[in-house]
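A.B. asks: One file: start-v5.cif (mmCIF, C-alpha atoms).
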data_data
#
loop_
_atom_site.group_PDB
_atom_site.id
_atom_site.type_symbol
_atom_site.label_atom_id
_atom_site.label_comp_id
_atom_site.auth_asym_id
_atom_site.auth_seq_id
_atom_site.Cartn_x
_atom_site.Cartn_y
_atom_site.Cartn_z
ATOM 1 C CA MET A 212 329.019 -53.846 11.723
ATOM 2 C CA SER A 213 328.711 -50.128 12.297
ATOM 3 C CA VAL A 214 327.630 -47.620 9.681
ATOM 4 C CA HIS A 215 330.278 -46.830 7.066
ATOM 5 C CA VAL A 216 330.696 -43.066 6.705
ATOM 6 C CA VAL A 217 331.794 -42.311 3.136
ATOM 7 C CA SER A 218 334.275 -39.443 3.102
ATOM 8 C CA ARG A 219 333.467 -36.125 1.435
ATOM 9 C CA LYS A 220 336.504 -36.569 -0.805
ATOM 10 C CA ILE A 221 334.893 -39.644 -2.409
ATOM 11 C CA TYR A 222 331.592 -37.787 -2.883
ATOM 12 C CA PHE A 223 333.331 -34.894 -4.653
ATOM 13 C CA GLY A 224 335.362 -37.312 -6.766
ATOM 14 C CA ILE A 225 332.245 -39.181 -7.911
ATOM 15 C CA PHE A 226 330.517 -35.858 -8.587
ATOM 16 C CA GLY A 227 333.445 -34.771 -10.788
ATOM 17 C CA ALA A 228 333.345 -38.063 -12.692
ATOM 18 C CA LEU A 229 329.573 -37.715 -13.268
ATOM 19 C CA MET A 230 329.995 -34.180 -14.651
ATOM 20 C CA VAL A 231 332.848 -35.244 -16.963
ATOM 21 C CA LEU A 232 330.800 -38.196 -18.245
ATOM 22 C CA THR A 233 327.810 -35.884 -18.858
ATOM 23 C CA ALA A 234 330.023 -33.549 -20.921
ATOM 24 C CA LEU A 235 331.397 -36.576 -22.774
ATOM 25 C CA THR A 236 327.945 -37.914 -23.698
ATOM 26 C CA VAL A 237 326.896 -34.458 -24.978
ATOM 27 C CA TRP A 238 330.102 -34.116 -27.030
ATOM 28 C CA VAL A 239 329.866 -37.609 -28.558
ATOM 29 C CA ALA A 240 326.217 -37.044 -29.563
ATOM 30 C CA ASN A 241 327.332 -34.359 -32.047
ATOM 31 C CA PHE A 242 328.838 -36.963 -34.352
ATOM 32 C CA ALA A 243 326.798 -39.282 -36.553
ATOM 33 C CA LEU A 244 328.535 -42.560 -35.739
ATOM 34 C CA PRO A 245 327.963 -45.566 -37.993
ATOM 35 C CA GLY A 246 325.076 -47.938 -37.291
ATOM 36 C CA PRO A 247 323.791 -48.215 -33.733
ATOM 37 C CA LEU A 248 327.065 -46.885 -32.272
ATOM 38 C CA ASN A 249 325.534 -43.573 -31.093
ATOM 39 C CA ALA A 250 322.995 -45.421 -28.969
ATOM 40 C CA ILE A 251 325.568 -47.920 -27.680
ATOM 41 C CA VAL A 252 327.995 -45.181 -26.599
ATOM 42 C CA ALA A 253 325.228 -43.062 -24.997
ATOM 43 C CA LEU A 254 323.825 -46.054 -23.081
ATOM 44 C CA SER A 255 327.271 -47.249 -21.983
ATOM 45 C CA ILE A 256 328.031 -43.831 -20.497
ATOM 46 C CA ALA A 257 324.596 -43.728 -18.824
ATOM 47 C CA VAL A 258 325.102 -47.212 -17.323
ATOM 48 C CA LEU A 259 328.545 -46.178 -16.047
ATOM 49 C CA LYS A 260 327.091 -43.015 -14.451
ATOM 50 C CA ALA A 261 324.227 -44.981 -12.874
ATOM 51 C CA THR A 262 326.709 -47.539 -11.502
ATOM 52 C CA LEU A 263 328.760 -44.773 -9.870
ATOM 53 C CA VAL A 264 325.623 -43.299 -8.260
ATOM 54 C CA VAL A 265 324.429 -46.716 -6.995
ATOM 55 C CA LEU A 266 327.819 -47.803 -5.625
ATOM 56 C CA TYR A 267 328.922 -44.571 -3.946
ATOM 57 C CA PHE A 268 326.051 -42.073 -3.513
ATOM 58 C CA MET A 269 323.679 -44.916 -2.583
ATOM 59 C CA HIS A 270 326.387 -46.671 -0.506
ATOM 60 C CA VAL A 271 325.780 -50.105 -2.075
ATOM 61 C CA ARG A 272 329.538 -50.696 -2.281
ATOM 62 C CA TYR A 273 329.641 -50.528 1.519
ATOM 63 C CA SER A 274 326.332 -52.342 2.119
ATOM 64 C CA SER A 275 325.545 -55.900 3.178
ATOM 65 C CA LYS A 276 325.482 -58.888 0.819
ATOM 66 C CA LEU A 277 321.694 -58.975 1.096
ATOM 67 C CA THR A 278 321.488 -55.406 -0.257
ATOM 68 C CA TRP A 279 323.581 -56.526 -3.237
ATOM 69 C CA VAL A 280 321.143 -59.392 -3.837
ATOM 70 C CA PHE A 281 318.204 -56.946 -3.811
ATOM 71 C CA VAL A 282 319.875 -54.538 -6.248
ATOM 72 C CA CYS A 283 320.988 -57.315 -8.611
ATOM 73 C CA ALA A 284 317.499 -58.869 -8.541
ATOM 74 C CA GLY A 285 316.010 -55.595 -9.773
ATOM 75 C CA ILE A 286 318.523 -55.328 -12.610
ATOM 76 C CA ILE A 287 318.045 -58.990 -13.618
ATOM 77 C CA TRP A 288 314.265 -58.547 -13.858
ATOM 78 C CA LEU A 289 314.803 -55.435 -15.972
ATOM 79 C CA ILE A 290 317.063 -57.425 -18.312
ATOM 80 C CA ILE A 291 314.396 -60.164 -18.534
ATOM 81 C CA LEU A 292 311.794 -57.521 -19.443
ATOM 82 C CA PHE A 293 313.969 -56.161 -22.260
ATOM 83 C CA ALA A 294 315.383 -59.485 -23.489
ATOM 84 C CA PHE A 295 312.055 -61.336 -23.745
ATOM 85 C CA THR A 296 310.177 -58.407 -25.307
ATOM 86 C CA LEU A 297 312.885 -57.668 -27.869
ATOM 87 C CA SER A 298 313.426 -61.332 -28.706
ATOM 88 C CA ASP A 299 309.808 -61.318 -29.871
ATOM 89 C CA PHE A 300 309.649 -57.846 -31.415
ATOM 90 C CA LEU A 301 312.944 -57.891 -33.320
ATOM 91 C CA THR A 302 312.465 -61.378 -34.758
ATOM 92 C CA ARG A 303 308.997 -60.839 -36.213
ATOM 93 C CA GLY A 304 309.175 -61.404 -39.916
ATOM 94 C CA TRP A 305 312.090 -63.797 -39.714
ATOM 95 C CA VAL A 306 309.754 -66.713 -40.281
ATOM 96 C CA PRO A 307 307.201 -66.340 -43.076
ATOM 97 C CA PHE A 308 303.698 -67.323 -42.018
ATOM 98 C CA ALA A 309 301.075 -68.557 -44.415
ATOM 99 C CA THR A 310 298.101 -66.194 -44.278
ATOM 100 C CA GLY A 311 294.466 -67.055 -44.731
ATOM 101 C CA MET B 99 324.752 -36.614 21.535
ATOM 102 C CA ALA B 100 324.055 -37.997 24.973
ATOM 103 C CA GLU B 101 325.507 -41.483 25.383
ATOM 104 C CA SER B 102 322.925 -42.571 27.954
ATOM 105 C CA HIS B 103 320.090 -43.054 25.474
ATOM 106 C CA ALA B 104 322.165 -43.482 22.317
ATOM 107 C CA THR B 105 321.604 -47.239 22.171
ATOM 108 C CA THR B 106 317.828 -47.053 22.357
ATOM 109 C CA TYR B 107 316.909 -43.708 20.793
ATOM 110 C CA GLY B 108 314.875 -44.222 17.622
ATOM 111 C CA LEU B 109 314.881 -48.015 18.029
ATOM 112 C CA ALA B 110 311.548 -49.718 17.352
ATOM 113 C CA HIS B 111 310.763 -52.581 19.746
ATOM 114 C CA GLN B 112 310.753 -55.325 17.108
ATOM 115 C CA PHE B 113 314.467 -54.894 16.348
ATOM 116 C CA ASP B 114 317.387 -56.246 18.371
ATOM 117 C CA ASP B 115 319.526 -53.177 17.812
ATOM 118 C CA ILE B 116 319.820 -50.018 15.752
ATOM 119 C CA GLU B 117 322.053 -51.757 13.178
ATOM 120 C CA GLN B 118 319.439 -54.418 12.441
ATOM 121 C CA GLN B 119 316.806 -51.705 12.142
ATOM 122 C CA ARG B 120 318.912 -49.716 9.675
ATOM 123 C CA GLU B 121 319.538 -52.827 7.578
ATOM 124 C CA ALA B 122 315.817 -53.632 7.481
ATOM 125 C CA GLY B 123 314.994 -50.044 6.491
ATOM 126 C CA THR B 124 317.571 -50.005 3.698
ATOM 127 C CA LEU B 125 316.351 -53.326 2.311
ATOM 128 C CA GLY B 126 312.750 -52.138 2.452
ATOM 129 C CA MET B 127 313.654 -49.038 0.453
ATOM 130 C CA TRP B 128 315.532 -51.110 -2.113
ATOM 131 C CA ALA B 129 312.535 -53.427 -2.481
ATOM 132 C CA PHE B 130 310.472 -50.327 -3.300
ATOM 133 C CA LEU B 131 313.148 -49.020 -5.688
ATOM 134 C CA ILE B 132 313.094 -52.358 -7.561
ATOM 135 C CA THR B 133 309.389 -51.844 -8.261
ATOM 136 C CA GLU B 134 310.327 -48.355 -9.468
ATOM 137 C CA ILE B 135 313.079 -49.744 -11.731
ATOM 138 C CA LEU B 136 310.504 -51.990 -13.408
ATOM 139 C CA PHE B 137 307.878 -49.232 -13.482
ATOM 140 C CA PHE B 138 310.214 -46.940 -15.425
ATOM 141 C CA GLY B 139 311.605 -50.007 -17.235
ATOM 142 C CA GLY B 140 308.238 -50.609 -18.897
ATOM 143 C CA MET B 141 308.258 -47.058 -20.252
ATOM 144 C CA PHE B 142 311.846 -47.377 -21.488
ATOM 145 C CA MET B 143 310.705 -50.584 -23.181
ATOM 146 C CA ALA B 144 307.939 -48.655 -25.000
ATOM 147 C CA TYR B 145 310.525 -46.061 -26.030
ATOM 148 C CA VAL B 146 312.827 -48.746 -27.482
ATOM 149 C CA LEU B 147 310.001 -50.427 -29.443
ATOM 150 C CA TYR B 148 308.660 -47.233 -31.035
ATOM 151 C CA ARG B 149 312.133 -45.925 -31.738
ATOM 152 C CA THR B 150 312.984 -49.213 -33.470
ATOM 153 C CA LYS B 151 309.912 -48.789 -35.689
ATOM 154 C CA ASP B 152 311.084 -45.441 -37.059
ATOM 155 C CA PRO B 153 314.500 -44.316 -35.746
ATOM 156 C CA ASP B 154 314.743 -41.364 -38.164
ATOM 157 C CA SER B 155 311.450 -39.758 -37.100
ATOM 158 C CA PHE B 156 312.532 -40.145 -33.455
ATOM 159 C CA ALA B 157 315.841 -38.442 -34.244
ATOM 160 C CA PHE B 158 314.092 -35.531 -36.028
ATOM 161 C CA ALA B 159 311.631 -35.169 -33.131
ATOM 162 C CA SER B 160 314.477 -35.281 -30.618
ATOM 163 C CA ALA B 161 316.435 -32.630 -32.522
ATOM 164 C CA HIS B 162 313.613 -30.180 -31.760
ATOM 165 C CA LEU B 163 314.245 -30.505 -27.998
ATOM 166 C CA ASP B 164 316.781 -28.047 -26.574
ATOM 167 C CA TRP B 165 319.698 -30.208 -25.392
ATOM 168 C CA ARG B 166 321.204 -27.197 -23.595
ATOM 169 C CA LEU B 167 318.192 -27.011 -21.245
ATOM 170 C CA GLY B 168 318.246 -30.797 -20.804
ATOM 171 C CA GLY B 169 321.992 -30.726 -20.198
ATOM 172 C CA ALA B 170 321.684 -27.891 -17.685
ATOM 173 C CA ASN B 171 318.997 -29.870 -15.874
ATOM 174 C CA THR B 172 321.250 -32.942 -15.862
ATOM 175 C CA ALA B 173 323.964 -30.862 -14.185
ATOM 176 C CA VAL B 174 321.428 -29.468 -11.678
ATOM 177 C CA LEU B 175 320.308 -32.996 -10.738
ATOM 178 C CA ILE B 176 323.862 -34.313 -10.382
ATOM 179 C CA ILE B 177 324.743 -31.342 -8.124
ATOM 180 C CA SER B 178 321.576 -32.071 -6.099
ATOM 181 C CA SER B 179 322.720 -35.687 -5.717
ATOM 182 C CA LEU B 180 326.035 -34.389 -4.355
ATOM 183 C CA THR B 181 324.283 -32.070 -1.873
ATOM 184 C CA MET B 182 321.996 -34.977 -0.860
ATOM 185 C CA ALA B 183 325.018 -37.249 -0.312
ATOM 186 C CA LEU B 184 326.623 -34.508 1.799
ATOM 187 C CA ALA B 185 323.391 -34.103 3.788
ATOM 188 C CA VAL B 186 323.587 -37.840 4.607
ATOM 189 C CA TYR B 187 327.255 -37.368 5.546
ATOM 190 C CA TYR B 188 326.398 -34.564 7.994
ATOM 191 C CA SER B 189 323.529 -36.595 9.480
ATOM 192 C CA GLN B 190 326.015 -39.440 10.079
ATOM 193 C CA THR B 191 328.508 -37.093 11.731
ATOM 194 C CA GLY B 192 325.810 -35.364 13.790
ATOM 195 C CA ASN B 193 326.197 -31.852 12.339
ATOM 196 C CA ARG B 194 322.603 -30.591 12.425
ATOM 197 C CA GLU B 195 323.266 -27.122 10.939
ATOM 198 C CA MET B 196 325.124 -28.475 7.912
ATOM 199 C CA LEU B 197 322.543 -31.236 7.472
ATOM 200 C CA MET B 198 319.797 -28.606 7.213
ATOM 201 C CA VAL B 199 321.880 -26.387 4.902
ATOM 202 C CA PHE B 200 322.424 -29.255 2.468
ATOM 203 C CA LEU B 201 318.801 -30.405 2.647
ATOM 204 C CA VAL B 202 317.704 -26.881 1.707
ATOM 205 C CA LEU B 203 320.294 -26.745 -1.111
ATOM 206 C CA THR B 204 319.003 -30.077 -2.427
ATOM 207 C CA MET B 205 315.438 -28.748 -2.392
ATOM 208 C CA ILE B 206 316.440 -25.512 -4.164
ATOM 209 C CA LEU B 207 318.173 -27.537 -6.895
ATOM 210 C CA GLY B 208 315.152 -29.834 -7.199
ATOM 211 C CA ALA B 209 312.869 -26.807 -7.578
ATOM 212 C CA THR B 210 315.259 -25.342 -10.188
ATOM 213 C CA PHE B 211 314.981 -28.555 -12.197
ATOM 214 C CA LEU B 212 311.183 -28.371 -12.097
ATOM 215 C CA GLY B 213 311.259 -24.705 -13.111
ATOM 216 C CA VAL B 214 313.355 -25.440 -16.208
ATOM 217 C CA LYS B 215 311.066 -28.384 -16.996
ATOM 218 C CA ALA B 216 307.972 -26.145 -16.760
ATOM 219 C CA TYR B 217 309.648 -23.622 -19.115
ATOM 220 C CA GLU B 218 310.330 -26.410 -21.619
ATOM 221 C CA TYR B 219 306.763 -27.748 -21.374
ATOM 222 C CA TYR B 220 305.383 -24.241 -21.995
ATOM 223 C CA HIS B 221 307.419 -23.862 -25.179
ATOM 224 C CA LYS B 222 306.342 -27.296 -26.388
ATOM 225 C CA TYR B 223 302.776 -26.083 -25.841
ATOM 226 C CA LEU B 224 303.445 -22.916 -27.871
ATOM 227 C CA ASP B 225 304.956 -25.064 -30.656
ATOM 228 C CA HIS B 226 301.820 -27.292 -30.776
ATOM 229 C CA LEU B 227 303.811 -30.343 -29.750
ATOM 230 C CA ILE B 228 301.436 -31.603 -27.039
ATOM 231 C CA PRO B 229 300.134 -34.939 -28.395
ATOM 232 C CA GLY B 230 296.442 -34.934 -29.232
ATOM 233 C CA SER B 231 294.129 -33.146 -31.656
ATOM 234 C CA GLY B 232 296.182 -29.930 -31.495
ATOM 235 C CA PHE B 233 299.456 -31.621 -32.427
ATOM 236 C CA GLN B 234 301.217 -30.091 -35.424
ATOM 237 C CA TRP B 235 304.519 -31.081 -37.021
ATOM 238 C CA HIS B 236 305.971 -29.478 -40.121
ATOM 239 C CA GLY B 237 309.532 -30.769 -39.917
ATOM 240 C CA HIS B 238 311.142 -33.930 -41.257
ATOM 241 C CA GLY B 239 309.882 -37.368 -40.355
ATOM 242 C CA ASP B 240 306.522 -39.100 -40.155
ATOM 243 C CA PRO B 241 304.234 -36.858 -38.020
ATOM 244 C CA ARG B 242 302.602 -39.921 -36.431
ATOM 245 C CA HIS B 243 305.925 -41.252 -35.186
ATOM 246 C CA VAL B 244 307.039 -37.777 -34.135
ATOM 247 C CA GLN B 245 303.833 -37.497 -32.123
ATOM 248 C CA MET B 246 304.593 -40.875 -30.520
ATOM 249 C CA PHE B 247 308.027 -39.541 -29.531
ATOM 250 C CA TYR B 248 306.402 -36.533 -27.851
ATOM 251 C CA PHE B 249 303.813 -38.758 -26.192
ATOM 252 C CA ILE B 250 306.620 -40.846 -24.659
ATOM 253 C CA TYR B 251 308.584 -37.661 -23.873
ATOM 254 C CA PHE B 252 305.717 -36.100 -21.910
ATOM 255 C CA ILE B 253 304.763 -39.306 -20.074
ATOM 256 C CA MET B 254 308.327 -40.177 -19.045
ATOM 257 C CA THR B 255 309.505 -36.683 -18.102
ATOM 258 C CA GLY B 256 306.102 -36.011 -16.508
ATOM 259 C CA ILE B 257 306.277 -39.072 -14.244
ATOM 260 C CA HIS B 258 309.905 -38.244 -13.509
ATOM 261 C CA ALA B 259 308.846 -34.702 -12.549
ATOM 262 C CA LEU B 260 306.105 -36.176 -10.342
ATOM 263 C CA HIS B 261 308.817 -38.152 -8.558
ATOM 264 C CA MET B 262 310.776 -34.913 -8.092
ATOM 265 C CA ILE B 263 307.710 -33.218 -6.575
ATOM 266 C CA ILE B 264 307.221 -36.165 -4.194
ATOM 267 C CA GLY B 265 310.955 -35.963 -3.419
ATOM 268 C CA LEU B 266 310.586 -32.305 -2.470
ATOM 269 C CA GLY B 267 307.739 -33.301 -0.115
ATOM 270 C CA ILE B 268 309.921 -35.997 1.489
ATOM 271 C CA MET B 269 312.793 -33.510 1.891
ATOM 272 C CA THR B 270 310.417 -31.044 3.567
ATOM 273 C CA VAL B 271 309.495 -33.707 6.157
ATOM 274 C CA ILE B 272 313.176 -34.624 6.694
ATOM 275 C CA LEU B 273 314.053 -30.935 7.068
ATOM 276 C CA ILE B 274 311.373 -30.455 9.736
ATOM 277 C CA MET B 275 312.557 -33.602 11.550
ATOM 278 C CA SER B 276 316.140 -32.274 11.422
ATOM 279 C CA LYS B 277 315.075 -28.918 12.796
ATOM 280 C CA ARG B 278 313.412 -30.707 15.711
ATOM 281 C CA GLY B 279 316.673 -32.540 16.391
ATOM 282 C CA ARG B 280 315.248 -35.980 15.668
ATOM 283 C CA PHE B 281 318.447 -37.379 14.129
ATOM 284 C CA THR B 282 321.600 -38.555 15.868
ATOM 285 C CA PRO B 283 324.751 -40.179 14.452
ATOM 286 C CA GLU B 284 323.223 -43.508 15.595
ATOM 287 C CA TYR B 285 319.723 -42.835 14.297
ATOM 288 C CA HIS B 286 319.644 -41.188 10.878
ATOM 289 C CA SER B 287 318.010 -43.855 8.705
ATOM 290 C CA PRO B 288 315.206 -41.559 7.448
ATOM 291 C CA VAL B 289 317.802 -39.184 5.951
ATOM 292 C CA GLU B 290 319.694 -42.031 4.325
ATOM 293 C CA ILE B 291 316.572 -43.752 2.958
ATOM 294 C CA SER B 292 315.226 -40.474 1.545
ATOM 295 C CA GLY B 293 318.642 -40.031 -0.060
ATOM 296 C CA LEU B 294 318.274 -43.415 -1.781
ATOM 297 C CA TYR B 295 315.008 -42.202 -3.314
ATOM 298 C CA TRP B 296 316.550 -38.907 -4.442
ATOM 299 C CA HIS B 297 319.534 -40.638 -6.077
ATOM 300 C CA PHE B 298 317.217 -43.100 -7.816
ATOM 301 C CA VAL B 299 315.254 -40.245 -9.406
ATOM 302 C CA ASP B 300 318.604 -38.803 -10.524
ATOM 303 C CA ILE B 301 319.505 -42.149 -12.173
ATOM 304 C CA VAL B 302 316.238 -42.162 -14.152
ATOM 305 C CA TRP B 303 317.161 -38.742 -15.557
ATOM 306 C CA ILE B 304 320.699 -39.961 -16.371
ATOM 307 C CA PHE B 305 319.019 -42.354 -18.839
ATOM 308 C CA LEU B 306 316.275 -39.984 -20.013
ATOM 309 C CA PHE B 307 318.684 -37.186 -20.985
ATOM 310 C CA PRO B 308 320.675 -38.994 -23.718
ATOM 311 C CA LEU B 309 317.675 -41.018 -24.940
ATOM 312 C CA LEU B 310 315.356 -38.018 -25.349
ATOM 313 C CA TYR B 311 317.586 -34.968 -25.844
ATOM 314 C CA LEU B 312 320.766 -36.204 -27.526
ATOM 315 C CA LEU B 313 319.196 -38.612 -30.010
ATOM 316 C CA GLY B 314 319.028 -36.002 -32.780
ATOM 317 C CA ALA B 315 321.981 -33.825 -31.760
ATOM 318 C CA HIS B 316 324.064 -34.863 -34.771
ATOM 319 C CA ILE B 317 321.333 -33.662 -37.152
ATOM 320 C CA HIS B 318 322.172 -30.035 -36.364
ATOM 321 C CA ASN B 319 325.697 -30.558 -37.627
ATOM 322 C CA GLN B 320 324.757 -31.878 -41.036
#
Please lay out the structure from this file as C-alpha cells.

C.D. replies:
Amino acid sequence: MSVHVVSRKIYFGIFGALMVLTALTVWVANFALPGPLNAIVALSIAVLKATLVVLYFMHVRYSSKLTWVFVCAGIIWLIILFAFTLSDFLTRGWVPFATG
Amino acid sequence: MAESHATTYGLAHQFDDIEQQREAGTLGMWAFLITEILFFGGMFMAYVLYRTKDPDSFAFASAHLDWRLGGANTAVLIISSLTMALAVYYSQTGNREMLMVFLVLTMILGATFLGVKAYEYYHKYLDHLIPGSGFQWHGHGDPRHVQMFYFIYFIMTGIHALHMIIGLGIMTVILIMSKRGRFTPEYHSPVEISGLYWHFVDIVWIFLFPLLYLLGAHIHNQ
C-alpha cells in the first residue's frame, strides 16, 4: 500500500463546499426558527463540515482500517461524555424527592 | 530524488519499511487528537449545560459578539486548511519550493486569525466584558449568566488560540526542515502529521463559530 496522493481538484472542491456551508450557517442564523431548530441546523452543518475536513483534508477516507477505528473511538467516547452527562442533567426534577 | 537511498532515507530502525513507519506515525497522531477531542469536548459539555440553564441570556450575550469578525476568521481558517492540504500535496509530489510557499501562506493565515482574535479581545476589554470583578453588563439577560457565557467564550477561544500559536511553532519547524531538504516523496510524514494537527484546530473553530457567534444573530433582526 503506497501513499494515496489526493488530487488538488478534490482539495479545491472540498474548500468550496466548506465556504458554501459557512455562508449557509451564517444565513440560517438570521432567522428565529421554532424550538431548538436553530441549534440543530447549526450543529448539523458544523458536523457536515467537520466530516468533510476529516475525510478529505485529513485523508481518513484513504487511510487504513485501523485509522478508522481510532477516529471512531474518539467520536464514540465524545458521545458517551455528552449522553451520560445530559441524561443526568436534563432529567433532574423528573422524579420528586422527599426533602428533609 | 535519488533512488539509491529512497528506501532507507528517514526510516527509523524499528520499522520494517517506510510505509509501516508512516502508518505508525499517523496512528500516533490520531491517538493524540482523540485526547484533544475529549479535552475540547469537556468544554463544549460545560457550554451545553450552562446554555441549557438560561438559553436567552446566552443568546443576548452572543448577540454582542461581532459575527462578521468571527465569520471572517472562519473563512481565514478554512483557507489555511486548504493551503495546508496543498502543502502536504507538494511534499508528496516532491516540490520543495511550492511546499515552502504553502507553508508560509498557512502561517500568514494563522497569524491573521490571531490578529483578528486579539482585536476582538481588546474590544471586549474596552466593553468591560472580561469576567471577574470588572465585568459589567447593561443589556438584556441575567448578568450572571451573561458573564458565564463570556467566561466560556474566553476559555474556549483562548485555548483554541493557544493551539494556533503552537501550530505556528510546528509550522516554523516544518518550514526549516523543508528548507534543509529533509523531505522526499517517500519521507514526508512530519508534514502530513503536522497537517492533521492544523486541520483539527480548524475543526474546533468550525464548532466554536456557530455556537458562540451565531447564537444570537436572529436577535438583531427582531

A.B. asks: Could you tell me, as a PyMOL selection string, exactly which residues end up selected when the PyMOL selection byres ((chain B and resi 267-273) around 12) is applied to this structure?

C.D. replies: chain B and resi 178+182+185-186+189+194-209+260-266+274-281+286-296

A.B. asks: For C-alpha atoms, I'd like the residues from the last selection saved as a PDB file, in the coordinates of the input.

C.D. replies:
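result-v3.pdb was written with the following content:
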ATOM      1  CA  SER B 178     321.576 -32.071  -6.099  1.00  0.00           C
ATOM      2  CA  MET B 182     321.996 -34.977  -0.860  1.00  0.00           C
ATOM      3  CA  ALA B 185     323.391 -34.103   3.788  1.00  0.00           C
ATOM      4  CA  VAL B 186     323.587 -37.840   4.607  1.00  0.00           C
ATOM      5  CA  SER B 189     323.529 -36.595   9.480  1.00  0.00           C
ATOM      6  CA  ARG B 194     322.603 -30.591  12.425  1.00  0.00           C
ATOM      7  CA  GLU B 195     323.266 -27.122  10.939  1.00  0.00           C
ATOM      8  CA  MET B 196     325.124 -28.475   7.912  1.00  0.00           C
ATOM      9  CA  LEU B 197     322.543 -31.236   7.472  1.00  0.00           C
ATOM     10  CA  MET B 198     319.797 -28.606   7.213  1.00  0.00           C
ATOM     11  CA  VAL B 199     321.880 -26.387   4.902  1.00  0.00           C
ATOM     12  CA  PHE B 200     322.424 -29.255   2.468  1.00  0.00           C
ATOM     13  CA  LEU B 201     318.801 -30.405   2.647  1.00  0.00           C
ATOM     14  CA  VAL B 202     317.704 -26.881   1.707  1.00  0.00           C
ATOM     15  CA  LEU B 203     320.294 -26.745  -1.111  1.00  0.00           C
ATOM     16  CA  THR B 204     319.003 -30.077  -2.427  1.00  0.00           C
ATOM     17  CA  MET B 205     315.438 -28.748  -2.392  1.00  0.00           C
ATOM     18  CA  ILE B 206     316.440 -25.512  -4.164  1.00  0.00           C
ATOM     19  CA  LEU B 207     318.173 -27.537  -6.895  1.00  0.00           C
ATOM     20  CA  GLY B 208     315.152 -29.834  -7.199  1.00  0.00           C
ATOM     21  CA  ALA B 209     312.869 -26.807  -7.578  1.00  0.00           C
ATOM     22  CA  LEU B 260     306.105 -36.176 -10.342  1.00  0.00           C
ATOM     23  CA  HIS B 261     308.817 -38.152  -8.558  1.00  0.00           C
ATOM     24  CA  MET B 262     310.776 -34.913  -8.092  1.00  0.00           C
ATOM     25  CA  ILE B 263     307.710 -33.218  -6.575  1.00  0.00           C
ATOM     26  CA  ILE B 264     307.221 -36.165  -4.194  1.00  0.00           C
ATOM     27  CA  GLY B 265     310.955 -35.963  -3.419  1.00  0.00           C
ATOM     28  CA  LEU B 266     310.586 -32.305  -2.470  1.00  0.00           C
ATOM     29  CA  ILE B 274     311.373 -30.455   9.736  1.00  0.00           C
ATOM     30  CA  MET B 275     312.557 -33.602  11.550  1.00  0.00           C
ATOM     31  CA  SER B 276     316.140 -32.274  11.422  1.00  0.00           C
ATOM     32  CA  LYS B 277     315.075 -28.918  12.796  1.00  0.00           C
ATOM     33  CA  ARG B 278     313.412 -30.707  15.711  1.00  0.00           C
ATOM     34  CA  GLY B 279     316.673 -32.540  16.391  1.00  0.00           C
ATOM     35  CA  ARG B 280     315.248 -35.980  15.668  1.00  0.00           C
ATOM     36  CA  PHE B 281     318.447 -37.379  14.129  1.00  0.00           C
ATOM     37  CA  HIS B 286     319.644 -41.188  10.878  1.00  0.00           C
ATOM     38  CA  SER B 287     318.010 -43.855   8.705  1.00  0.00           C
ATOM     39  CA  PRO B 288     315.206 -41.559   7.448  1.00  0.00           C
ATOM     40  CA  VAL B 289     317.802 -39.184   5.951  1.00  0.00           C
ATOM     41  CA  GLU B 290     319.694 -42.031   4.325  1.00  0.00           C
ATOM     42  CA  ILE B 291     316.572 -43.752   2.958  1.00  0.00           C
ATOM     43  CA  SER B 292     315.226 -40.474   1.545  1.00  0.00           C
ATOM     44  CA  GLY B 293     318.642 -40.031  -0.060  1.00  0.00           C
ATOM     45  CA  LEU B 294     318.274 -43.415  -1.781  1.00  0.00           C
ATOM     46  CA  TYR B 295     315.008 -42.202  -3.314  1.00  0.00           C
ATOM     47  CA  TRP B 296     316.550 -38.907  -4.442  1.00  0.00           C
TER      48      TRP B 296
END

A.B. asks: Between B:Phe113, B:Tyr145, B:Trp235, B:Phe252, which is the closest to Tyr219 in chain B once you count only C-alpha atoms?

C.D. replies: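 Once distances to Tyr219 in chain B are computed over only C-alpha atoms, the minimum belongs to B:Phe252.
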
A.B. asks: Which distance in Å separates CA of Leu163 in chain B and CA of Tyr311 in chain B, to one decimal?

C.D. replies: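 Between these atoms lies a distance of 6.0 Å.
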
A.B. asks: Skip range 294-301 of chain A itself and residues of its chain fewer than 3 positions away, then list as a PyMOL selection string all residues within 9 Å of it, counting all atoms listed in the file.

C.D. replies: (chain A and resi 289-291+304-305) or (chain B and resi 143+146-147+150)

A.B. asks: Show which residues sit within 10 Å of Tyr273 in chain A, as a CSV table (one decimal) with C-alpha atoms, keeping the file's coordinate frame. Count only C-alpha atoms, and ignore same-chain residues fewer than 6 positions away.

C.D. replies:
chain,number,residue,atom,x,y,z
A,214,VAL,CA,327.6,-47.6,9.7
A,215,HIS,CA,330.3,-46.8,7.1
A,216,VAL,CA,330.7,-43.1,6.7
A,217,VAL,CA,331.8,-42.3,3.1
A,266,LEU,CA,327.8,-47.8,-5.6
A,267,TYR,CA,328.9,-44.6,-3.9
A,279,TRP,CA,323.6,-56.5,-3.2

A.B. asks: Just give me the residues with any atom within 9 Å of (327.0, -42.8, -20.5), file coordinates, counting all atoms listed in the file, written as a compact mmCIF listing (two decimals) with C-alpha atoms, in the frame of the given file.

C.D. replies:
# COMPACT_ATOMS: atom_id res chain seq x y z
CA LEU A 232 330.80 -38.20 -18.24
CA THR A 233 327.81 -35.88 -18.86
CA LEU A 235 331.40 -36.58 -22.77
CA THR A 236 327.94 -37.91 -23.70
CA ILE A 251 325.57 -47.92 -27.68
CA VAL A 252 328.00 -45.18 -26.60
CA ALA A 253 325.23 -43.06 -25.00
CA LEU A 254 323.82 -46.05 -23.08
CA SER A 255 327.27 -47.25 -21.98
CA ILE A 256 328.03 -43.83 -20.50
CA ALA A 257 324.60 -43.73 -18.82
CA VAL A 258 325.10 -47.21 -17.32
CA LEU A 259 328.54 -46.18 -16.05
CA LYS A 260 327.09 -43.02 -14.45
CA ALA A 261 324.23 -44.98 -12.87
CA ILE B 304 320.70 -39.96 -16.37
CA PHE B 305 319.02 -42.35 -18.84
CA PRO B 308 320.68 -38.99 -23.72

A.B. asks: Find the residues with any atom within 10 Å of (321.3, -39.7, -10.4); use all atoms listed in the file and the coordinates as given in the file, and write the answer as a count of residues only.

C.D. replies: 30
